[in-house]
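A short write-up of the structure that comes next.
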Amino acid sequence: MKKTFLNLSATLTLLAPAQNLQLHFDLGKPQGGSPRNFLVGTVEHYQPDTLGYTFLFADIEFASADKPAGASLAYFEVARTLYMPWFRNVKPLKNLMLHVEYNDGLVIYPDAVNDSLVLGENLRSSWLAGPEYGWAIGDFSLNAMLLYKYTRGSAAPDAQVTLIWFYPLFRNRISLCGYIDIWSQS
């Protein structure tokens, strides 16, 4: 029985996609606002395949001071990036991809009139699409995206530039990774 369990565990580990669990403490303070001081849990999932890759993450904020105890905000993004096979043999364009993304979430807050009620509100969902280009310089990788962004209820379309970087250290035991999003509307 132990041998079967060990073999099954080893097989599942090899088949498991890349995922990442994180727990952060948010020390931010909005301009003119009160400090946030709450925990944020994040789960990330990255799955490459022969057509491109799928990436998703979900953030959950826990018990901020102005919200009820427990989860008070949930936000997620799901992205699919596809290689463009007709460019694979053209050296400057071989890393050009098509990126499609969906973002949504929910925020929960106490009712200002009746303390016993909790209200929830949907964050404005958005769809994004556009080209993505990836560079690799040694072990360092950088992906850049120029995306058209449609946000539900917005008066006009939006644009977003996203940069994502990754650099492994100490034989992949530690990695430096991050991103920055810049968009044209608030």
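Scheme for the structure tokens: letters A, B, ... for chains in order shown; per-chain residue numbers from 1; ligand numbers from 1 in order shown.
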Next item on the list: Return as a PyMOL selection string the full set of residues in region 51-181 of chain A whose backbone-based DSSP assignment is strand (DSSP E).
Entry: chain A and resi 52-62+71-83+96-110+118-137+140-151+158-169+174-181
Margin query: Report as JSON, numbers by chain all protein, DNA and RNA residues lying within 8 Å of Tyr148 (chain A), evaluated on only C-alpha atoms, omitting residues in the same chain fewer than 3 positions from it.
Written below: {"A": [128, 129, 130, 157, 158, 159, 160]}
For the selection you just gave me, I'd like the residues written to a file as a PDB file, in the first residue's frame, keeping C-alpha atoms.
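Now in result-v4.pdb:
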```
ATOM      1  CA  LEU A 128      -8.450  42.562 -22.368  1.00  0.00           C
ATOM      2  CA  ALA A 129      -6.887  41.471 -25.658  1.00  0.00           C
ATOM      3  CA  GLY A 130      -3.792  42.300 -27.654  1.00  0.00           C
ATOM      4  CA  PRO A 157     -12.444  51.819 -24.107  1.00  0.00           C
ATOM      5  CA  ASP A 158      -9.162  51.695 -22.229  1.00  0.00           C
ATOM      6  CA  ALA A 159      -5.601  50.637 -23.000  1.00  0.00           C
ATOM      7  CA  GLN A 160      -3.217  48.749 -20.725  1.00  0.00           C
TER       8      GLN A 160
END
```
Note to self: Taking 3 positions as the minimum chain separation for residues in the same chain, which residues sit within 10 Å of Gly178 (chain A) when counting only C-alpha atoms? Answer as a PyMOL selection string.
What the structure shows: chain A and resi 142+163-167+175
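For the pair CA of Ile180 (chain A) and CA of Leu146 (chain A), the separation is 12.2 Å.
Distances here use only C-alpha atoms; by that measure, the residue among A:His99, A:Arg80, A:Arg152, A:Lys91 closest to Ser125 (chain A) is A:Arg152.
Residues lying within 7 Å of Leu96 (chain A), counting only C-alpha atoms and ignoring same-chain neighbours fewer than 3 positions away, are Tyr83, Met84, Leu93, Pro131, Glu132, Tyr133 and Gly134 of chain A.
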Note to self: Residues within 8 Å of Gly41 (chain A), please, as a PyMOL selection string. Count only C-alpha atoms; anything in the same chain fewer than 6 positions from it doesn't count.
What the structure shows: chain A and resi 21-24+59-62
Given the selection you just returned, output its residues as a file containing N, CA and C atoms, formatted as a short mmCIF file (atom, residue, chain, number, x, y, z; two decimals), in the first residue's frame.
```
data_model
loop_
_atom_site.label_atom_id
_atom_site.label_comp_id
_atom_site.auth_asym_id
_atom_site.auth_seq_id
_atom_site.Cartn_x
_atom_site.Cartn_y
_atom_site.Cartn_z
N LEU A 21 1.23 29.57 -3.88
CA LEU A 21 0.36 30.08 -2.83
C LEU A 21 1.15 31.11 -2.03
N GLN A 22 0.52 32.24 -1.71
CA GLN A 22 1.20 33.31 -0.99
C GLN A 22 0.27 33.89 0.06
N LEU A 23 0.85 34.43 1.12
CA LEU A 23 0.11 35.17 2.12
C LEU A 23 0.92 36.43 2.43
N HIS A 24 0.31 37.59 2.22
CA HIS A 24 0.98 38.88 2.41
C HIS A 24 0.26 39.68 3.47
N ASP A 59 -6.81 36.85 -5.71
CA ASP A 59 -6.44 37.50 -4.45
C ASP A 59 -7.66 37.55 -3.56
N ILE A 60 -7.47 37.27 -2.28
CA ILE A 60 -8.54 37.39 -1.30
C ILE A 60 -8.01 38.22 -0.14
N GLU A 61 -8.70 39.33 0.14
CA GLU A 61 -8.32 40.18 1.27
C GLU A 61 -9.12 39.74 2.49
N PHE A 62 -8.45 39.71 3.65
CA PHE A 62 -9.08 39.24 4.89
C PHE A 62 -9.15 40.34 5.93
#
```
Next item on the list: Would you work out the distance separating CA of Phe76 (chain A) from CA of Asn103 (chain A), expressed in Å to one decimal?
Entry: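 For CA of Phe76 (chain A) relative to CA of Asn103 (chain A), the distance reads 5.8 Å.
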Notebook entry, point to check: If you run DSSP on the backbone, which residues of chain A are helix (DSSP H, G or I), as a PyMOL selection string?
Noted result: chain A and resi 2-15+85-87+91-93
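Contact shell of Glu121 (chain A) at 8 Å (only C-alpha atoms; same-chain neighbours under 6 positions omitted): A:Leu106, A:Val107, A:Ile108.
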Margin query: Rounded to one decimal, what separation in Å do you get between CA of Phe140 (chain A) and CA of Leu169 (chain A)?
Written below: 10.0 Å
Item checked: Close residues, Tyr46 (chain A) itself excluded, 10 Å, only C-alpha atoms, min 6 positions apart in chain, as a PyMOL selection string -> chain A and resi 17-20+53-57+79
For the residues in the current selection, export N, CA and C atoms as a PDB file, in the first residue's frame.
```pdb
ATOM      1  N   PRO A  17       0.435  21.074 -12.534  1.00  0.00           N
ATOM      2  CA  PRO A  17       0.884  22.317 -13.152  1.00  0.00           C
ATOM      3  C   PRO A  17       1.557  23.211 -12.112  1.00  0.00           C
ATOM      4  N   ALA A  18       2.238  24.223 -12.596  1.00  0.00           N
ATOM      5  CA  ALA A  18       2.904  25.158 -11.683  1.00  0.00           C
ATOM      6  C   ALA A  18       1.858  25.984 -10.946  1.00  0.00           C
ATOM      7  N   GLN A  19       1.976  26.015  -9.642  1.00  0.00           N
ATOM      8  CA  GLN A  19       1.086  26.856  -8.862  1.00  0.00           C
ATOM      9  C   GLN A  19       1.866  27.445  -7.703  1.00  0.00           C
ATOM     10  N   ASN A  20       1.326  28.520  -7.150  1.00  0.00           N
ATOM     11  CA  ASN A  20       2.031  29.288  -6.156  1.00  0.00           C
ATOM     12  C   ASN A  20       1.005  29.808  -5.160  1.00  0.00           C
ATOM     13  N   TYR A  53       0.116  29.348 -23.243  1.00  0.00           N
ATOM     14  CA  TYR A  53       0.027  29.106 -21.808  1.00  0.00           C
ATOM     15  C   TYR A  53      -1.245  29.718 -21.245  1.00  0.00           C
ATOM     16  N   THR A  54      -1.647  29.193 -20.089  1.00  0.00           N
ATOM     17  CA  THR A  54      -2.771  29.723 -19.327  1.00  0.00           C
ATOM     18  C   THR A  54      -2.222  30.201 -17.989  1.00  0.00           C
ATOM     19  N   PHE A  55      -2.661  31.377 -17.574  1.00  0.00           N
ATOM     20  CA  PHE A  55      -2.257  31.916 -16.281  1.00  0.00           C
ATOM     21  C   PHE A  55      -3.499  32.435 -15.575  1.00  0.00           C
ATOM     22  N   LEU A  56      -3.583  32.158 -14.293  1.00  0.00           N
ATOM     23  CA  LEU A  56      -4.668  32.740 -13.506  1.00  0.00           C
ATOM     24  C   LEU A  56      -4.177  33.012 -12.106  1.00  0.00           C
ATOM     25  N   PHE A  57      -4.801  33.975 -11.476  1.00  0.00           N
ATOM     26  CA  PHE A  57      -4.542  34.206 -10.061  1.00  0.00           C
ATOM     27  C   PHE A  57      -5.802  34.731  -9.415  1.00  0.00           C
ATOM     28  N   ALA A  79      -6.024  34.412 -17.851  1.00  0.00           N
ATOM     29  CA  ALA A  79      -5.435  34.827 -19.118  1.00  0.00           C
ATOM     30  C   ALA A  79      -5.043  33.606 -19.937  1.00  0.00           C
TER      31      ALA A  79
END
```
